[in-house]
file final.csv (CSV, C-alpha atoms)
chain,number,residue,atom,x,y,z
A,1,MET,CA,-10.6,-13.8,19.7
A,2,PRO,CA,-7.0,-13.4,18.2
A,3,ILE,CA,-5.0,-10.3,18.7
A,4,LEU,CA,-4.4,-10.0,15.0
A,5,SER,CA,-6.1,-10.9,11.7
A,6,VAL,CA,-3.8,-11.0,8.6
A,7,ILE,CA,-5.9,-10.8,5.4
A,8,ILE,CA,-4.6,-12.0,2.1
A,9,PRO,CA,-6.7,-11.6,-1.1
A,10,THR,CA,-5.2,-13.7,-3.9
A,11,HIS,CA,-5.8,-14.6,-7.5
A,12,ASN,CA,-3.7,-17.2,-9.4
A,13,ARG,CA,-0.5,-16.7,-7.4
A,14,GLN,CA,-0.8,-19.8,-5.4
A,15,LYS,CA,2.9,-20.6,-4.7
A,16,TYR,CA,3.4,-17.2,-3.0
A,17,ALA,CA,0.2,-17.3,-1.0
A,18,ILE,CA,0.9,-20.8,0.4
A,19,ASN,CA,4.4,-19.8,1.5
A,20,SER,CA,3.2,-16.6,3.1
A,21,VAL,CA,0.3,-18.2,5.0
A,22,GLU,CA,2.5,-21.0,6.4
A,23,THR,CA,5.2,-18.6,7.5
A,24,ILE,CA,2.7,-16.4,9.4
A,25,LEU,CA,0.8,-19.3,11.1
A,26,LYS,CA,4.0,-21.2,12.1
A,27,ASN,CA,5.5,-18.1,13.7
A,28,PHE,CA,2.6,-16.4,15.4
A,29,SER,CA,0.2,-18.3,17.7
A,30,ASP,CA,-2.3,-15.5,18.4
A,31,THR,CA,-2.9,-14.6,14.8
A,32,GLU,CA,-5.5,-15.8,12.3
A,33,VAL,CA,-5.1,-15.6,8.5
A,34,ILE,CA,-8.0,-15.0,6.2
A,35,VAL,CA,-7.5,-15.9,2.5
A,36,SER,CA,-10.0,-14.8,-0.1
A,37,ASP,CA,-9.1,-16.9,-3.2
A,38,THR,CA,-10.4,-16.1,-6.6
A,39,SER,CA,-7.9,-18.4,-8.4
A,40,ASP,CA,-8.9,-20.8,-11.1
A,41,ASP,CA,-8.1,-23.8,-9.0
A,42,THR,CA,-8.1,-25.0,-5.4
A,43,GLN,CA,-4.4,-25.5,-4.9
A,44,ILE,CA,-4.2,-23.2,-1.9
A,45,PHE,CA,-7.0,-25.0,-0.2
A,46,ASP,CA,-5.5,-28.4,-1.0
A,47,SER,CA,-2.0,-27.4,0.3
A,48,LEU,CA,-3.3,-25.7,3.6
A,49,VAL,CA,-6.0,-28.2,4.7
A,50,PHE,CA,-4.1,-28.7,8.0
A,51,TRP,CA,-4.3,-25.0,8.9
A,52,ILE,CA,-7.9,-24.8,7.8
A,53,ASN,CA,-8.9,-27.7,10.1
A,54,SER,CA,-7.0,-26.0,12.9
A,55,GLY,CA,-9.4,-23.1,12.7
A,56,ARG,CA,-6.6,-20.5,12.4
A,57,LEU,CA,-6.9,-20.2,8.6
A,58,ILE,CA,-10.2,-19.0,7.3
A,59,TYR,CA,-10.3,-19.9,3.6
A,60,LYS,CA,-12.9,-18.4,1.4
A,61,ARG,CA,-13.7,-18.8,-2.3
A,62,PRO,CA,-16.2,-16.1,-3.6
A,63,ASN,CA,-18.8,-17.5,-5.9
A,64,GLU,CA,-18.0,-14.9,-8.5
A,65,GLN,CA,-15.0,-13.2,-10.0
A,66,MET,CA,-14.3,-9.9,-8.2
A,67,ASP,CA,-12.3,-6.8,-8.8
A,68,VAL,CA,-9.5,-6.2,-6.3
A,69,VAL,CA,-11.6,-3.6,-4.3
A,70,ARG,CA,-14.6,-5.9,-3.9
A,71,ASN,CA,-12.3,-8.8,-3.0
A,72,PHE,CA,-10.6,-6.7,-0.3
A,73,GLU,CA,-14.0,-5.7,1.1
A,74,TYR,CA,-15.4,-9.2,1.0
A,75,ALA,CA,-12.5,-10.7,3.0
A,76,LEU,CA,-12.8,-8.0,5.6
A,77,GLY,CA,-16.1,-9.5,6.8
A,78,PHE,CA,-14.4,-12.7,8.1
A,79,ALA,CA,-11.8,-11.0,10.4
A,80,SER,CA,-12.2,-11.3,14.1
A,81,GLY,CA,-8.8,-10.0,15.4
A,82,ASP,CA,-8.5,-6.9,17.5
A,83,TYR,CA,-6.1,-5.5,14.8
A,84,LEU,CA,-6.1,-6.1,11.1
A,85,ILE,CA,-3.4,-6.2,8.5
A,86,TYR,CA,-3.7,-6.7,4.8
A,87,VAL,CA,-0.8,-8.1,2.8
A,88,GLY,CA,-0.3,-9.1,-0.8
A,89,ASP,CA,0.0,-12.8,-1.5
A,90,ASP,CA,3.7,-12.4,-2.2
A,91,ASP,CA,4.2,-10.4,1.1
A,92,CYS,CA,4.5,-11.4,4.7
A,93,VAL,CA,4.3,-9.8,8.1
A,94,GLY,CA,7.5,-9.0,9.9
A,95,PRO,CA,8.9,-10.0,13.3
A,96,GLU,CA,7.3,-8.8,16.6
A,97,VAL,CA,4.0,-8.1,14.9
A,98,GLU,CA,1.9,-9.6,17.7
A,99,LYS,CA,3.8,-7.6,20.3
A,100,ILE,CA,3.1,-4.5,18.3
A,101,ALA,CA,-0.6,-5.3,18.2
A,102,HIS,CA,-0.8,-5.9,21.9
A,103,TRP,CA,1.0,-2.6,22.5
A,104,ALA,CA,-1.4,-0.8,20.2
A,105,LYS,CA,-4.4,-2.3,22.0
A,106,LYS,CA,-3.1,-1.4,25.4
A,107,ASN,CA,-2.6,2.2,24.3
A,108,GLN,CA,-5.8,2.5,22.3
A,109,ILE,CA,-4.1,3.3,19.1
A,110,ASP,CA,-6.3,3.4,16.0
A,111,ALA,CA,-3.8,2.8,13.3
A,112,ILE,CA,0.0,2.3,12.7
A,113,SER,CA,1.9,2.9,9.5
A,114,CYS,CA,5.0,0.9,8.5
A,115,PRO,CA,8.0,2.0,6.6
A,116,PHE,CA,9.3,0.0,3.6
A,117,CYS,CA,12.6,-0.9,5.3
A,118,ALA,CA,12.5,-4.6,4.6
A,119,THR,CA,11.9,-5.7,1.0
A,120,TYR,CA,12.2,-9.1,-0.7
A,121,GLY,CA,12.4,-9.8,-4.4
A,122,TRP,CA,11.3,-13.3,-5.3
A,123,PRO,CA,13.6,-15.2,-7.7
A,124,ASN,CA,11.5,-14.3,-10.7
A,125,TYR,CA,11.4,-10.6,-10.0
A,126,LYS,CA,13.1,-8.3,-12.5
A,127,SER,CA,13.6,-4.6,-12.7
A,128,LYS,CA,13.6,-2.5,-15.9
A,129,TYR,CA,16.8,-0.7,-14.8
A,130,PHE,CA,18.5,-3.3,-12.6
A,131,ALA,CA,17.4,-6.5,-14.4
A,132,SER,CA,17.7,-9.5,-12.0
A,133,LYS,CA,19.8,-7.6,-9.3
A,134,PHE,CA,16.7,-7.6,-7.1
A,135,SER,CA,16.0,-11.3,-7.6
A,136,ALA,CA,16.2,-13.7,-4.6
A,137,LYS,CA,17.4,-10.9,-2.3
A,138,LEU,CA,16.3,-9.4,1.0
A,139,ALA,CA,17.2,-5.8,1.5
A,140,VAL,CA,17.0,-4.4,5.1
A,141,ARG,CA,17.4,-0.6,5.6
A,142,LYS,CA,18.2,1.0,8.9
A,143,TYR,CA,15.4,1.5,11.3
A,144,THR,CA,15.2,2.9,14.8
A,145,GLY,CA,12.2,0.9,16.3
A,146,ASN,CA,10.7,4.2,17.6
A,147,PRO,CA,7.0,5.0,17.5
A,148,ILE,CA,6.2,8.5,16.3
A,149,GLU,CA,2.7,10.0,16.7
A,150,ILE,CA,1.3,11.4,13.5
A,151,LYS,CA,-1.1,14.3,13.1
A,152,SER,CA,-3.9,12.9,10.9
A,153,SER,CA,-4.9,16.2,9.3
A,154,TYR,CA,-1.3,16.8,8.2
A,155,VAL,CA,-0.7,13.5,6.5
A,156,LEU,CA,-4.1,13.6,4.8
A,157,ASN,CA,-3.6,17.1,3.4
A,158,GLN,CA,-0.1,16.1,2.4
A,159,ALA,CA,-1.4,13.3,0.3
A,160,LEU,CA,-4.0,15.6,-1.3
A,161,ASP,CA,-1.4,18.3,-2.0
A,162,GLN,CA,0.8,15.7,-3.7
A,163,LEU,CA,-2.1,14.1,-5.5
A,164,GLY,CA,-1.0,11.1,-7.5
A,165,LEU,CA,1.9,10.1,-5.3
A,166,GLY,CA,0.0,7.5,-3.3
A,167,PRO,CA,-0.9,7.2,0.4
A,168,LEU,CA,2.4,8.7,1.5
A,169,GLY,CA,2.3,9.0,5.3
A,170,MET,CA,-1.3,8.0,5.8
A,171,PRO,CA,-1.9,4.8,7.8
A,172,ARG,CA,-3.8,2.1,6.0
A,173,LEU,CA,-5.0,-1.5,6.1
A,174,TYR,CA,-2.8,-2.6,3.3
A,175,HIS,CA,0.8,-2.8,4.6
A,176,GLY,CA,-0.3,-1.2,7.9
A,177,MET,CA,-2.1,-2.1,11.1
A,178,VAL,CA,-5.6,-0.8,12.0
A,179,SER,CA,-7.9,-1.5,14.9
A,180,LYS,CA,-11.0,-3.5,14.1
A,181,GLU,CA,-13.0,-1.0,16.2
A,182,LEU,CA,-12.1,1.8,13.9
A,183,ILE,CA,-12.8,-0.3,10.8
A,184,CYS,CA,-16.3,-1.1,12.2
A,185,LYS,CA,-16.9,2.7,12.8
A,186,ILE,CA,-15.9,3.5,9.2
A,187,LYS,CA,-18.1,0.7,7.8
A,188,ASN,CA,-21.1,1.9,9.8
A,189,LYS,CA,-20.6,5.5,8.8
A,190,TYR,CA,-19.7,5.1,5.1
A,191,GLY,CA,-21.1,1.7,4.2
A,192,HIS,CA,-17.7,0.3,3.1
A,193,VAL,CA,-14.0,0.6,3.7
A,194,PHE,CA,-12.5,0.0,0.3
A,195,GLY,CA,-13.3,1.9,-2.9
A,196,GLY,CA,-12.0,3.6,-5.9
A,197,VAL,CA,-9.7,1.4,-7.9
A,198,SER,CA,-6.8,1.2,-5.5
A,199,PRO,CA,-7.3,-0.8,-2.3
A,200,ASP,CA,-4.7,1.1,-0.3
A,201,VAL,CA,-5.2,4.9,-1.0
A,202,TYR,CA,-9.0,5.0,-0.6
A,203,ASN,CA,-9.1,3.2,2.8
A,204,ALA,CA,-6.1,5.2,3.9
A,205,ALA,CA,-8.0,8.5,3.5
A,206,LEU,CA,-11.0,7.2,5.5
A,207,ILE,CA,-8.8,5.7,8.2
A,208,THR,CA,-6.7,8.9,8.5
A,209,TYR,CA,-9.8,11.1,8.6
A,210,GLU,CA,-11.6,9.1,11.3
A,211,SER,CA,-8.6,8.2,13.5
A,212,LYS,CA,-8.0,9.9,16.8
A,213,LYS,CA,-4.6,8.3,17.6
A,214,ILE,CA,-2.2,7.2,14.9
A,215,TYR,CA,1.4,6.3,14.9
A,216,HIS,CA,4.3,5.6,12.5
A,217,LEU,CA,6.4,2.8,13.8
A,218,ASP,CA,9.9,2.8,12.3
A,219,PHE,CA,10.2,-1.0,12.3
A,220,PRO,CA,9.6,-3.7,9.6
A,221,PHE,CA,6.5,-5.3,11.0
A,222,ILE,CA,5.5,-5.8,7.3
A,223,LEU,CA,7.9,-7.7,4.9
A,224,ILE,CA,7.2,-6.3,1.5
A,225,GLY,CA,7.5,-8.9,-1.3
A,226,ALA,CA,7.7,-8.4,-5.1
A,227,SER,CA,7.2,-11.1,-7.6
A,228,GLY,CA,7.2,-11.2,-11.4
A,229,GLU,CA,3.4,-11.4,-11.5
A,230,SER,CA,2.7,-8.7,-9.0
A,231,THR,CA,1.8,-5.0,-9.5
A,232,ALA,CA,5.3,-4.2,-8.1
A,233,GLY,CA,6.7,-6.5,-10.8
A,234,ALA,CA,4.8,-4.7,-13.5
A,235,GLY,CA,6.0,-1.3,-12.2
A,236,ALA,CA,9.6,-2.5,-12.1
A,237,THR,CA,9.5,-3.6,-15.8
A,238,GLY,CA,7.6,-0.5,-17.0
A,239,THR,CA,4.4,-2.4,-17.9
A,240,HIS,CA,2.2,-0.6,-15.3
A,241,LYS,CA,0.7,1.9,-17.6
A,242,GLY,CA,-1.5,2.0,-20.7
A,243,LYS,CA,-5.0,2.6,-21.9
A,244,LEU,CA,-7.4,2.5,-19.0
A,245,ARG,CA,-10.1,0.3,-20.3
A,246,GLU,CA,-7.7,-2.2,-21.8
A,247,ASN,CA,-5.9,-2.8,-18.4
A,248,SER,CA,-6.8,-6.1,-16.8
A,249,HIS,CA,-6.9,-4.5,-13.3
A,250,ILE,CA,-9.4,-1.8,-14.4
A,251,GLY,CA,-11.3,-4.2,-16.7
A,252,ALA,CA,-12.5,-6.1,-13.7
A,253,PHE,CA,-14.5,-3.1,-12.5
A,254,LYS,CA,-17.9,-3.3,-14.0
A,255,ASN,CA,-19.6,0.0,-15.1
A,256,LEU,CA,-16.7,2.1,-13.9
A,257,GLU,CA,-17.4,5.9,-14.2
A,258,TRP,CA,-14.0,7.6,-14.4
A,259,HIS,CA,-13.6,11.1,-12.9
A,260,ASN,CA,-13.6,13.9,-15.4
A,261,MET,CA,-10.8,15.8,-13.7
A,262,ILE,CA,-8.4,12.8,-13.9
A,263,PRO,CA,-6.7,11.8,-17.2
A,264,GLU,CA,-8.2,8.6,-18.4
A,265,PHE,CA,-5.2,6.2,-18.7
A,266,TYR,CA,-3.7,3.6,-16.4
A,267,SER,CA,-0.7,4.6,-14.3
A,268,PRO,CA,0.1,4.7,-10.6
A,269,GLU,CA,-0.6,8.4,-10.5
A,270,THR,CA,-4.0,8.3,-12.1
A,271,VAL,CA,-5.1,5.2,-10.2
A,272,TRP,CA,-4.0,6.7,-6.8
A,273,ALA,CA,-5.5,10.1,-7.7
A,274,TYR,CA,-8.9,8.7,-8.7
A,275,SER,CA,-9.1,6.6,-5.5
A,276,LEU,CA,-8.1,9.5,-3.2
A,277,VAL,CA,-10.5,11.9,-4.8
A,278,LYS,CA,-13.4,9.4,-4.6
A,279,ALA,CA,-12.7,8.9,-0.9
A,280,VAL,CA,-12.6,12.7,-0.3
A,281,GLU,CA,-15.9,13.1,-2.1
A,282,LEU,CA,-17.4,10.5,0.2
A,283,ILE,CA,-16.0,12.2,3.3
A,284,ASN,CA,-17.6,15.5,2.1
A,285,ASP,CA,-15.4,17.9,4.0
A,286,SER,CA,-14.9,21.2,2.3
A,287,LYS,CA,-11.5,21.6,4.0
A,288,LEU,CA,-10.1,18.7,2.0
A,289,GLN,CA,-9.1,19.9,-1.5
A,290,PRO,CA,-7.1,17.8,-4.0
A,291,ASN,CA,-4.2,19.5,-5.7
A,292,PHE,CA,-4.8,18.5,-9.4
A,293,ALA,CA,-1.9,20.6,-10.5
A,294,ARG,CA,0.6,18.1,-9.1
A,295,LEU,CA,-1.2,15.3,-10.8
A,296,TYR,CA,-1.2,17.0,-14.2
A,297,LEU,CA,2.4,18.0,-13.9
A,298,ARG,CA,3.5,14.4,-13.3
A,299,CYS,CA,1.3,13.2,-16.2
A,300,PHE,CA,2.9,15.7,-18.6
A,301,LEU,CA,6.4,14.8,-17.4
A,302,PHE,CA,6.2,11.0,-17.1
A,303,HIS,CA,3.4,9.9,-19.4
A,304,LYS,CA,4.1,11.7,-22.7
A,305,ASP,CA,2.0,9.2,-24.7
A,306,TYR,CA,-1.1,10.5,-22.9
A,307,HIS,CA,-0.7,14.3,-23.3
A,308,VAL,CA,-4.1,14.5,-25.1
A,309,GLU,CA,-5.9,12.9,-22.1
A,310,THR,CA,-4.0,15.1,-19.7
A,311,SER,CA,-4.5,18.3,-21.7
A,312,LYS,CA,-8.3,17.7,-21.7
A,313,CYS,CA,-8.5,17.5,-17.9
A,314,PHE,CA,-6.0,20.3,-17.5
A,315,LYS,CA,-8.1,22.7,-19.6
A,316,LEU,CA,-11.2,21.7,-17.7
A,317,TRP,CA,-9.4,22.4,-14.4
A,318,ILE,CA,-8.3,25.9,-15.5
A,319,LYS,CA,-11.8,26.8,-16.6
A,320,LYS,CA,-13.1,25.7,-13.2
A,321,ILE,CA,-10.6,27.6,-11.0
A,322,GLY,CA,-9.4,30.4,-13.3
A,323,ASN,CA,-6.1,31.3,-14.9
A,324,ILE,CA,-4.5,33.1,-11.9
A,325,LYS,CA,-5.2,30.3,-9.4
A,326,ALA,CA,-4.2,27.7,-11.9
A,327,ALA,CA,-0.9,29.5,-12.6
A,328,TRP,CA,-0.2,29.7,-8.8
A,329,HIS,CA,-1.0,26.0,-8.2
A,330,MET,CA,1.2,25.0,-11.2
A,331,PHE,CA,4.1,27.1,-9.9
A,332,ARG,CA,3.8,25.4,-6.5
A,333,ALA,CA,3.5,22.0,-8.1
A,334,ILE,CA,6.7,22.6,-10.2
A,335,CYS,CA,8.6,23.6,-7.0
A,336,SER,CA,7.3,20.6,-5.1
A,337,GLU,CA,8.2,18.2,-7.9
A,338,PHE,CA,11.7,19.6,-8.3
A,339,LEU,CA,12.3,19.3,-4.5
A,340,TYR,CA,10.8,15.7,-4.6
A,341,GLN,CA,13.1,14.6,-7.4
A,342,PHE,CA,16.1,16.3,-5.9
A,343,LYS,CA,15.6,14.5,-2.6
A,344,ARG,CA,15.1,11.2,-4.4
A,345,VAL,CA,18.3,11.5,-6.3
A,346,TRP,CA,20.2,12.9,-3.2
A,347,ARG,CA,19.2,9.9,-1.1
A,348,ARG,CA,20.7,7.6,-3.7
A,349,PHE,CA,23.9,9.6,-4.3
A,350,PRO,CA,26.7,8.5,-4.6
A,351,ASN,CA,25.3,5.0,-5.0
A,352,ILE,CA,23.1,6.0,-8.0
A,353,LYS,CA,23.9,2.7,-9.8
A,354,GLU,CA,23.2,0.5,-6.8
A,355,PRO,CA,19.8,-1.2,-6.5
A,356,PHE,CA,20.0,-1.2,-2.7
A,357,PRO,CA,21.7,2.0,-1.5
A,358,LYS,CA,22.3,2.2,2.3
A,359,ALA,CA,20.8,-1.3,2.9
A,360,VAL,CA,22.1,-4.6,4.2
A,361,VAL,CA,21.5,-7.2,1.4
A,362,PHE,CA,21.1,-10.9,1.8
A,363,ASP,CA,21.6,-13.0,-1.4
A,364,ASP,CA,20.1,-16.3,-2.5
A,365,VAL,CA,17.0,-16.0,-0.5
A,366,GLU,CA,14.7,-18.6,-2.1
A,367,SER,CA,11.3,-17.7,-0.6
A,368,ILE,CA,9.7,-15.2,1.7
A,369,SER,CA,9.7,-17.7,4.6
A,370,VAL,CA,13.5,-17.7,4.4
A,371,ALA,CA,13.5,-13.9,4.2
A,372,PHE,CA,11.3,-13.8,7.3
A,373,LYS,CA,13.7,-16.0,9.2
A,374,ILE,CA,16.7,-13.7,8.3
A,375,LEU,CA,14.8,-10.6,9.2
A,376,SER,CA,13.7,-12.0,12.5
A,377,GLU,CA,17.3,-12.9,13.4
A,378,CYS,CA,18.4,-9.4,12.5
A,379,SER,CA,15.7,-7.8,14.6
A,380,ILE,CA,16.4,-10.0,17.6
A,381,LYS,CA,20.1,-9.4,17.4
A,382,ASP,CA,19.6,-5.6,17.1
A,383,SER,CA,16.8,-5.4,19.7
A,384,LYS,CA,15.5,-2.2,18.1
A,385,LEU,CA,11.8,-2.3,18.9
A,386,LYS,CA,11.2,0.5,21.4
A,387,LEU,CA,7.7,0.5,22.6
A,388,LYS,CA,6.7,2.5,25.7
A,389,ASN,CA,4.1,0.9,28.0
A,390,ASN,CA,1.9,4.0,28.2
A,391,ILE,CA,1.8,6.8,25.6

call {"tool": "encode", "arguments": {"input": "final.csv", "output": "C-alpha cells"}}
result
Amino acid sequence: MPILSVIIPTHNRQKYAINSVETILKNFSDTEVIVSDTSDDTQIFDSLVFWINSGRLIYKRPNEQMDVVRNFEYALGFASGDYLIYVGDDDCVGPEVEKIAHWAKKNQIDAISCPFCATYGWPNYKSKYFASKFSAKLAVRKYTGNPIEIKSSYVLNQALDQLGLGPLGMPRLYHGMVSKELICKIKNKYGHVFGGVSPDVYNAALITYESKKIYHLDFPFILIGASGESTAGAGATGTHKGKLRENSHIGAFKNLEWHNMIPEFYSPETVWAYSLVKAVELINDSKLQPNFARLYLRCFLFHKDYHVETSKCFKLWIKKIGNIKAAWHMFRAICSEFLYQFKRVWRRFPNIKEPFPKAVVFDDVESISVAFKILSECSIKDSKLKLKNNI
C-alpha cells in the first residue's frame, strides 16, 4: 500500500495531465496516481502505457460522461494510499509531499491544508488585467515550513460567515491532503464525499466537521497550475460567470435543483455558496448557519447583470428572518467586505500594478515538470520544512 494516492480527474486536457502524471511518478516512488479520464480520445492512455503497466498509474475511463462531482467521487474508489490528494490536470504536487504524508500518518493527522504559495501559469494562460504576464512563469511566495494546528469549528464557521468566498481555511481533498481513514468514515456516514456543484467546498465542509486533528502547513506541497482551458483561466479572463443553465460546467449536472436562497446564475460566489449550503444541510447541525447576507452583498457589488436574481433571493431571506435581523446581518456583511477588500489592496500595495507582489518569479518555464524542478531546488536550498516528530 503506497503512502500517498494522487487523484487527477481530467477531460480533454491531455497535454497537461500527461506532464503532471509523469512528473509525480518520476519523483515519488511511494506514490500512486489515479487518472479518471472522460476525454474524447485515449491519448493519455497511449502516452502513459509504461506507467500503467508498472502498476503505479491506475487509469480509468468511465463508461459515461460525468459531471465534475461524479467524476471526483468515481475516482475516489480506486485510491489505496494512506493519504489522498486531488489535483487538477494542470496542477502538480510539490516537493517533500511523501515526507509530509509519513509525518501526518505518524502523528495521526486527519487533514492538512496547503497555502497557494507556489503558482505556475502555463504558456497559454492569460489574465484579464495582466494579459500574458502570468504566462510561462512560476511564482514562489515566502513560506515558513511550519505546521499550525487548526480548530475545525473556527474555520468551518468562518467559511459559513463569509458565504461565497470559497473553502477559505478549511482542509480539503482538492489541493490538500486527507487521510483515507477519515474519507472512509465520511463515506460510510454520509454515503458520498463530493457533492453540490463544486468538488472542493462541499468535501471541505464534511472533512472539517468530521476531523479531530487538522493542520495548516505553510509549505508548497501542492504546485497550483493555471492553463488557458482551466477554471482558473476562465476566472482570469472574466468568462467565469453567466446564466446558470447555459454554463457547460453546470449543464453536465442532470436534474439539478438549485437552492431557492442562492441567486440562480453562474459565478464563483454562487457555486461555492450552493455547495457549502448543501453540505451543511447534509450534516444537519443546527449550530452551522450560513450567512446569506455576505453572499447577497457580493452579488450586488460584483454581478450587476444579475441584480434581479439576487433581489429575488434577498427578499425571500428578509421575509424568512425579519427586517431587524436582516439589517444587522447586512451591516456586519458590509463591514466584513470592506475589511476584506482593504486587506486585499493593502497586501498588494505599493505593487498594485505587479502581477506577483512579494514573490520570486521564474520566467520561461515551459511546463509544470520544469516548474516542479525549480520549486524543488528552491525548497532544498532553503530547507524550510519544519516537521516535529511528535505533536

call {"tool": "residues_around", "arguments": {"input": "final.csv", "residues": "Leu57 of chain A", "least_positions_apart": "2", "cutoff": "8 Å", "atoms": "only C-alpha atoms", "output": "PyMOL selection string"}}
result
chain A and resi 32-35+51-55+59

call {"tool": "closest_atom_pairs", "arguments": {"input": "final.csv", "of": "segment 264-349 of chain A", "to": "segment 206-221 of chain A", "cutoff": "10 Å", "atoms": "all atoms listed in the file", "output": "tab-separated table"}}
result
residue	atom	partner	partner_atom	distance
A:Leu276	CA	A:Leu206	CA	9.5
A:Ala279	CA	A:Leu206	CA	6.8
A:Val280	CA	A:Leu206	CA	8.2
A:Leu282	CA	A:Leu206	CA	8.9
A:Ile283	CA	A:Leu206	CA	7.4
A:Asp285	CA	A:Tyr209	CA	9.9

call {"tool": "atom_distance", "arguments": {"input": "final.csv", "atom1": "atom CA of Asp67 of chain A", "atom2": "atom CA of Gly251 of chain A"}}
result
8.4 Å

call {"tool": "atom_distance", "arguments": {"input": "final.csv", "atom1": "atom CA of Arg61 of chain A", "atom2": "atom CA of Ser39 of chain A"}}
result
8.4 Å

call {"tool": "residues_around", "arguments": {"input": "final.csv", "residues": "Cys117 of chain A", "least_positions_apart": "5", "cutoff": "8 Å", "atoms": "all atoms listed in the file", "output": "PyMOL selection string"}}
result
chain A and resi 139-143+219-220

call {"tool": "write_last_selection", "arguments": {"input": "final.csv", "atoms": "C-alpha atoms", "output": "tab-separated table (two decimals), keeping the file's coordinate frame"}}
result
chain	number	residue	atom	x	y	z
A	139	ALA	CA	17.20	-5.80	1.50
A	140	VAL	CA	17.00	-4.40	5.10
A	141	ARG	CA	17.40	-0.60	5.60
A	142	LYS	CA	18.20	1.00	8.90
A	143	TYR	CA	15.40	1.50	11.30
A	219	PHE	CA	10.20	-1.00	12.30
A	220	PRO	CA	9.60	-3.70	9.60

call {"tool": "residues_around", "arguments": {"input": "final.csv", "residues": "Val155 of chain A", "least_positions_apart": "4", "cutoff": "8 Å", "atoms": "all atoms listed in the file", "output": "list in words"}}
result
Ile150, Lys151, Ala159, Leu168, Gly169, Met170 and Thr208 of chain A

call {"tool": "closest_residue", "arguments": {"input": "final.csv", "among": "A:Lys137, A:Tyr296, A:Phe194, A:Leu244", "to": "Ile374 of chain A", "atoms": "all atoms listed in the file"}}
result
A:Lys137

call {"tool": "closest_residue", "arguments": {"input": "final.csv", "among": "A:Ser80, A:Asn260, A:Asn291, A:Asn63", "to": "Cys313 of chain A", "atoms": "all atoms listed in the file"}}
result
A:Asn260

call {"tool": "atom_distance", "arguments": {"input": "final.csv", "atom1": "atom CA of Pro199 of chain A", "atom2": "atom CA of Leu4 of chain A"}}
result
19.8 Å

call {"tool": "closest_residue", "arguments": {"input": "final.csv", "among": "A:Gln341, A:Thr42, A:Asn27, A:Ser179", "to": "Gln14 of chain A", "atoms": "only C-alpha atoms"}}
result
A:Thr42

call {"tool": "residues_around", "arguments": {"input": "final.csv", "residues": "segment 22-26 of chain A", "least_positions_apart": "4", "cutoff": "9 Å", "atoms": "all atoms listed in the file", "output": "number ranges by chain"}}
result
A: 6, 17-18, 30-33, 48, 51, 56-57, 92-94, 368-370, 372

call {"tool": "closest_residue", "arguments": {"input": "final.csv", "among": "A:Ile183, A:Pro123, A:Val69, A:Cys378", "to": "Ser275 of chain A", "atoms": "all atoms listed in the file"}}
result
A:Val69
